[in-house]
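One structure is given here, and the rest of the page talks about it.
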Number of protein chains: 2
Amino acid sequence: MPTGRRERKKAATRQKIADAALRLFLERGYEAVGIREVAAEADVAVTTLFSHFASKEALVFEQDEDFEHRLTQAVTDRAPHEPLLPALRREIHALVRHCTADGAAPIWQMIEASPALREYEESMRLRHAESLAAAIAADPERSQTTTACRTIARFVIDAYSLAREAADPEAAVDEIFRMIEAAWEVAAPARRA
Amino acid sequence: MPTGRRERKKAATRQKIADAALRLFLERGYEAVGIREVAAEADVAVTTLFSHFASKEALVFEQDEDFEHRLTQAVTDRAPHEPLLPALRREIHALVRHCTADGAAPIWQMIEASPALREYEESMRLRHAESLAAAIAADPERSQTTTACRTIARFVIDAYSLAREAADPEAAVDEIFRMIEAAWEVAAPARRA
DNA sequence: TTTTGAAACACTAACCGTTAGTGCTACGGT
DNA sequence: ACCGTAGCACTAACGGTTAGTGTTTCAAAA
């Protein structure tokens, strides 16, 4: 039921903070900008900033949850009887394309320049892999062990991470997914002749 | 030829710090112990502590470099003409067994209880995967692309990470390596009929 | 409508990991 | 015996983060 003014105000404040942060970070570099400056720029108190974002790094990965939802939805919302991996491959393709688009370049450049941000992204990926593993394990067509599901989920996240750094990201996705398909066949003794 | 007293003293100081840290961390919990306490317990200055360890988390993963060397050596020092993956599987088996041994249980329990330590370990694994990828890429018997080498390296590190958390770690290593072998076959079009 | 309670927001002050900046001391190589 | 380096120490600070406390704002129960 909550569609009140309060929620809208809260979302607006959150967005105002994220926008201010990204602007300052891109202007002067992530490490060179302090939390107190971001808060001042967004015209909120430091504690307010931290009630919207768990850490300084979280300011950069603001739409982290979208990423997670898209991955699990690629599994749960795919057409009936469509095999798992092609659906995931399509989604990873889209995500990689999105990240390597021209507009996003400065942001990813900033991330790769900061060890703190790289580390944070790594631990995000762990969470995403766990969510994906849960979605795969809940799939009705599966015939895999828990370990196999978690393994495939990790491999898929690895594909995203590795492809982004490759010279030809799109080709890398395909190359890695060929390997993942082979691994999946071995783990899935059923279905297909 | 550095075998002098200075080196011995330095190593001793380092060990003294690591021991003091581990003792305090296990006694009272990682987060509950401050750097200043560790330094006091080891009877060194805080700056000295940080000249031996890059961060608080590094105190816990003291022998991180051993791990890395063992992995790359498993690739470079294997018997001539021995296939790559069985050698790696053997090494991962040994490492997992080492981590799940009874004596190490409290340490890993502490690590899993601390988000900071988990995050640190994740970024360590990235480094290890890169080293391993370099070793694999340098292998004379290879016929793989750079992407394939990096991919397999990640998968191997994933195997270590996933197996440790599985109910039956040793069986999990075998299960995951069956999947990795399949992925490797696809990536290696040469050798074998 | 009025009351009520939760939640957003603010401010101060601190905690904690980490890093200059500086200098002393001890050791290995020449 | 001397010199240069590197280990070690101390003080002070910086920057992210949180506790404590209080105020305003709004949604829903009464």
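So you can find residues: chains in the structure tokens are A, B, ... in the order shown, residues in each start at 1, and ligands are numbered from 1 in order.
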
What residues in chain A lie within 10 Å of chain D, counting only C-alpha atoms (C1' of nucleotides), written as number ranges by chain?
A: 2, 4-7, 31, 33-36, 46-47, 50, 54-56

Residues of chain A within 9 Å of chain B, using only C-alpha atoms, as a PDB file with C-alpha atoms, in the first residue's frame?
```
ATOM      1  CA  ARG A 118      37.134  -3.442  -7.230  1.00  0.00           C
ATOM      2  CA  GLU A 119      37.044  -5.287  -3.933  1.00  0.00           C
ATOM      3  CA  TYR A 120      33.503  -4.175  -3.291  1.00  0.00           C
ATOM      4  CA  GLU A 122      33.933  -8.703  -6.105  1.00  0.00           C
ATOM      5  CA  SER A 123      31.939  -9.267  -2.951  1.00  0.00           C
ATOM      6  CA  LEU A 126      29.486 -13.399  -4.600  1.00  0.00           C
ATOM      7  CA  THR A 146      23.276 -28.187  -4.908  1.00  0.00           C
ATOM      8  CA  THR A 147      26.980 -28.039  -5.591  1.00  0.00           C
ATOM      9  CA  ALA A 148      26.424 -28.181  -9.338  1.00  0.00           C
ATOM     10  CA  ARG A 150      26.258 -23.145  -7.161  1.00  0.00           C
ATOM     11  CA  THR A 151      29.109 -24.008  -9.481  1.00  0.00           C
ATOM     12  CA  ARG A 154      29.670 -18.901 -10.204  1.00  0.00           C
ATOM     13  CA  PHE A 155      30.771 -19.744 -13.697  1.00  0.00           C
ATOM     14  CA  ASP A 158      32.753 -15.270 -13.902  1.00  0.00           C
ATOM     15  CA  ALA A 159      31.710 -15.035 -17.532  1.00  0.00           C
ATOM     16  CA  LEU A 162      35.916 -11.897 -17.547  1.00  0.00           C
ATOM     17  CA  ALA A 163      34.093 -10.823 -20.670  1.00  0.00           C
ATOM     18  CA  ALA A 166      38.329  -8.978 -22.721  1.00  0.00           C
ATOM     19  CA  ALA A 172      34.323 -13.633 -24.988  1.00  0.00           C
ATOM     20  CA  GLU A 175      33.570 -18.446 -25.857  1.00  0.00           C
ATOM     21  CA  ILE A 176      33.092 -18.790 -22.117  1.00  0.00           C
ATOM     22  CA  ARG A 178      30.597 -22.729 -24.726  1.00  0.00           C
ATOM     23  CA  MET A 179      32.748 -23.932 -21.841  1.00  0.00           C
ATOM     24  CA  ILE A 180      29.932 -23.506 -19.355  1.00  0.00           C
ATOM     25  CA  GLU A 181      27.538 -25.470 -21.546  1.00  0.00           C
ATOM     26  CA  ALA A 182      29.988 -28.351 -21.576  1.00  0.00           C
ATOM     27  CA  ALA A 183      30.295 -28.226 -17.799  1.00  0.00           C
ATOM     28  CA  TRP A 184      26.533 -28.158 -17.477  1.00  0.00           C
ATOM     29  CA  GLU A 185      26.087 -31.200 -19.694  1.00  0.00           C
ATOM     30  CA  VAL A 186      28.392 -33.187 -17.464  1.00  0.00           C
ATOM     31  CA  ALA A 187      26.501 -32.093 -14.357  1.00  0.00           C
TER      32      ALA A 187
END
```

Chain C residues within 9 Å of chain A, counting only C-alpha atoms (C1' of nucleotides): which ones, as JSON, numbers by chain?
{"C": [8, 9, 10, 11]}

Mobile chain B fitted to chain A over all in-order Cα pairs, reported as a short mmCIF file (atom, residue, chain, number, x, y, z; two decimals) with C-alpha atoms, in the first residue's frame:
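The new file superposed_38.cif reads:
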```cif
data_model
loop_
_atom_site.label_atom_id
_atom_site.label_comp_id
_atom_site.auth_asym_id
_atom_site.auth_seq_id
_atom_site.Cartn_x
_atom_site.Cartn_y
_atom_site.Cartn_z
CA MET B 1 0.11 0.16 -0.57
CA PRO B 2 2.97 2.56 -0.29
CA THR B 3 2.79 5.17 -3.01
CA GLY B 4 2.70 8.14 -0.72
CA ARG B 5 4.62 11.33 -0.67
CA ARG B 6 7.04 9.99 1.92
CA GLU B 7 8.26 7.26 -0.35
CA ARG B 8 8.68 9.69 -3.19
CA LYS B 9 10.63 12.05 -0.98
CA LYS B 10 12.83 9.23 0.20
CA ALA B 11 13.55 8.08 -3.32
CA ALA B 12 14.27 11.64 -4.35
CA THR B 13 16.74 12.11 -1.51
CA ARG B 14 18.43 8.87 -2.39
CA GLN B 15 18.73 9.88 -6.01
CA LYS B 16 19.97 13.32 -5.09
CA ILE B 17 22.74 11.76 -3.03
CA ALA B 18 23.69 9.26 -5.72
CA ASP B 19 23.79 11.96 -8.38
CA ALA B 20 25.89 14.29 -6.29
CA ALA B 21 28.27 11.48 -5.45
CA LEU B 22 28.73 10.33 -9.02
CA ARG B 23 29.26 13.87 -10.23
CA LEU B 24 31.94 14.60 -7.64
CA PHE B 25 33.61 11.23 -8.09
CA LEU B 26 33.88 11.67 -11.85
CA GLU B 27 35.07 15.25 -11.51
CA ARG B 28 37.80 14.76 -8.98
CA GLY B 29 38.29 11.01 -8.52
CA TYR B 30 36.75 8.53 -6.12
CA GLU B 31 39.40 8.58 -3.42
CA ALA B 32 39.84 12.32 -3.56
CA VAL B 33 36.25 12.99 -2.52
CA GLY B 34 35.22 12.49 1.09
CA ILE B 35 31.88 11.38 2.41
CA ARG B 36 31.43 14.70 4.14
CA GLU B 37 31.79 16.49 0.82
CA VAL B 38 29.24 14.28 -0.85
CA ALA B 39 26.79 14.88 1.95
CA ALA B 40 27.35 18.63 1.74
CA GLU B 41 26.90 18.62 -2.03
CA ALA B 42 23.63 16.70 -1.71
CA ASP B 43 22.65 18.97 1.19
CA VAL B 44 22.02 16.17 3.66
CA ALA B 45 23.68 15.06 6.87
CA VAL B 46 26.33 12.36 6.81
CA THR B 47 24.11 10.05 8.82
CA THR B 48 21.32 10.52 6.32
CA LEU B 49 23.66 9.51 3.55
CA PHE B 50 24.49 6.32 5.42
CA SER B 51 20.83 5.57 6.01
CA HIS B 52 20.42 5.36 2.24
CA PHE B 53 23.70 3.67 1.34
CA ALA B 54 25.54 1.11 3.40
CA SER B 55 28.99 2.35 2.46
CA LYS B 56 30.88 4.80 0.31
CA GLU B 57 31.37 2.14 -2.35
CA ALA B 58 27.64 1.45 -2.49
CA LEU B 59 27.18 4.99 -3.84
CA VAL B 60 28.87 3.89 -7.04
CA PHE B 61 27.03 0.59 -7.45
CA GLU B 62 23.70 2.18 -6.88
CA GLN B 63 21.66 -0.10 -9.15
CA ASP B 64 23.31 -3.26 -7.92
CA GLU B 65 19.92 -4.81 -7.14
CA ASP B 66 18.63 -4.38 -10.66
CA PHE B 67 21.50 -6.50 -11.82
CA GLU B 68 20.63 -9.23 -9.38
CA HIS B 69 16.95 -9.22 -10.30
CA ARG B 70 17.68 -9.38 -14.01
CA LEU B 71 19.80 -12.45 -13.52
CA THR B 72 17.34 -14.38 -11.42
CA GLN B 73 14.45 -13.34 -13.64
CA ALA B 74 16.31 -14.60 -16.67
CA VAL B 75 16.06 -18.00 -14.98
CA THR B 76 12.57 -17.87 -13.54
CA ASP B 77 10.77 -15.94 -16.29
CA ARG B 78 12.10 -17.75 -19.32
CA ALA B 79 9.75 -19.44 -21.77
CA PRO B 80 8.51 -22.87 -20.69
CA HIS B 81 10.90 -25.65 -21.65
CA GLU B 82 13.53 -23.19 -22.81
CA PRO B 83 16.93 -24.49 -21.75
CA LEU B 84 18.58 -22.65 -18.90
CA LEU B 85 21.89 -21.62 -20.36
CA PRO B 86 20.80 -19.92 -23.58
CA ALA B 87 18.51 -17.74 -21.52
CA LEU B 88 21.36 -16.83 -19.20
CA ARG B 89 23.68 -16.24 -22.11
CA ARG B 90 21.24 -13.78 -23.62
CA GLU B 91 20.98 -11.89 -20.35
CA ILE B 92 24.74 -11.77 -19.81
CA HIS B 93 25.12 -10.51 -23.35
CA ALA B 94 22.74 -7.68 -22.62
CA LEU B 95 24.43 -6.82 -19.34
CA VAL B 96 27.89 -6.78 -20.87
CA ARG B 97 26.71 -4.64 -23.74
CA HIS B 98 25.20 -2.26 -21.22
CA CYS B 99 28.44 -1.99 -19.24
CA THR B 100 30.68 -1.51 -22.23
CA ALA B 101 28.51 1.15 -23.81
CA ASP B 102 30.22 4.44 -24.46
CA GLY B 103 28.40 6.42 -21.80
CA ALA B 104 29.39 4.02 -19.06
CA ALA B 105 33.09 4.05 -19.89
CA PRO B 106 34.20 6.75 -17.42
CA ILE B 107 32.44 5.02 -14.57
CA TRP B 108 34.07 1.65 -15.18
CA GLN B 109 37.38 3.35 -15.66
CA MET B 110 36.99 4.92 -12.24
CA ILE B 111 36.05 1.57 -10.72
CA GLU B 112 39.08 -0.15 -12.15
CA ALA B 113 41.31 2.62 -10.83
CA SER B 114 40.20 2.12 -7.23
CA PRO B 115 41.14 -1.02 -5.30
CA ALA B 116 38.36 -0.37 -2.82
CA LEU B 117 35.76 -0.34 -5.57
CA ARG B 118 37.17 -3.43 -7.24
CA GLU B 119 37.08 -5.28 -3.95
CA TYR B 120 33.53 -4.18 -3.30
CA GLU B 121 32.42 -5.32 -6.72
CA GLU B 122 33.97 -8.72 -6.13
CA SER B 123 31.98 -9.28 -2.98
CA MET B 124 28.86 -8.09 -4.78
CA ARG B 125 29.46 -10.76 -7.37
CA LEU B 126 29.56 -13.40 -4.65
CA ARG B 127 26.12 -12.31 -3.52
CA HIS B 128 24.81 -12.34 -7.06
CA ALA B 129 26.21 -15.80 -7.62
CA GLU B 130 24.43 -17.04 -4.51
CA SER B 131 21.12 -15.56 -5.63
CA LEU B 132 21.55 -17.05 -9.05
CA ALA B 133 22.42 -20.42 -7.56
CA ALA B 134 19.23 -20.31 -5.52
CA ALA B 135 17.19 -19.51 -8.63
CA ILE B 136 18.80 -22.35 -10.55
CA ALA B 137 18.29 -24.78 -7.70
CA ALA B 138 14.61 -23.83 -7.60
CA ASP B 139 14.15 -24.52 -11.30
CA PRO B 140 11.61 -27.26 -11.98
CA GLU B 141 13.57 -28.77 -14.88
CA ARG B 142 16.76 -29.27 -13.00
CA SER B 143 18.36 -32.54 -12.10
CA GLN B 144 21.49 -31.17 -10.41
CA THR B 145 23.15 -31.30 -7.07
CA THR B 146 23.45 -28.21 -4.91
CA THR B 147 27.16 -28.04 -5.63
CA ALA B 148 26.55 -28.17 -9.36
CA CYS B 149 24.04 -25.33 -9.17
CA ARG B 150 26.39 -23.15 -7.19
CA THR B 151 29.21 -23.98 -9.53
CA ILE B 152 27.29 -23.04 -12.65
CA ALA B 153 26.13 -19.83 -11.02
CA ARG B 154 29.72 -18.87 -10.26
CA PHE B 155 30.79 -19.69 -13.77
CA VAL B 156 28.08 -17.45 -15.20
CA ILE B 157 29.13 -14.57 -12.99
CA ASP B 158 32.73 -15.19 -13.98
CA ALA B 159 31.67 -14.97 -17.61
CA TYR B 160 30.24 -11.52 -16.98
CA SER B 161 33.35 -10.38 -15.17
CA LEU B 162 35.83 -11.80 -17.65
CA ALA B 163 33.97 -10.73 -20.77
CA ARG B 164 33.89 -7.13 -19.64
CA GLU B 165 37.66 -7.05 -19.55
CA ALA B 166 38.19 -8.86 -22.84
CA ALA B 167 39.20 -7.15 -26.05
CA ASP B 168 35.97 -8.26 -27.73
CA PRO B 169 33.43 -8.59 -24.91
CA GLU B 170 30.61 -10.02 -27.00
CA ALA B 171 32.77 -12.73 -28.49
CA ALA B 172 34.18 -13.54 -25.07
CA VAL B 173 30.68 -14.14 -23.69
CA ASP B 174 30.06 -16.70 -26.42
CA GLU B 175 33.43 -18.34 -25.95
CA ILE B 176 33.01 -18.71 -22.19
CA PHE B 177 29.42 -19.87 -22.48
CA ARG B 178 30.50 -22.66 -24.80
CA MET B 179 32.69 -23.84 -21.94
CA ILE B 180 29.89 -23.46 -19.40
CA GLU B 181 27.49 -25.43 -21.58
CA ALA B 182 29.96 -28.28 -21.63
CA ALA B 183 30.31 -28.17 -17.86
CA TRP B 184 26.53 -28.13 -17.49
CA GLU B 185 26.09 -31.17 -19.72
CA VAL B 186 28.44 -33.13 -17.52
CA ALA B 187 26.61 -32.07 -14.38
CA ALA B 188 23.17 -32.84 -15.86
CA PRO B 189 23.05 -36.54 -16.63
CA ALA B 190 19.35 -36.42 -17.49
CA ARG B 191 17.35 -34.85 -20.32
CA ARG B 192 18.60 -34.86 -23.91
CA ALA B 193 19.83 -38.12 -25.42
#
```

Would you mind writing down, as a ChimeraX atom specification, each residue of chain B that DSSP on the backbone assigns to alpha helix (DSSP H)?
/B:5-28,35-42,46-52,56-60,64-76,84-99,105-113,115-137,146-165,169-187
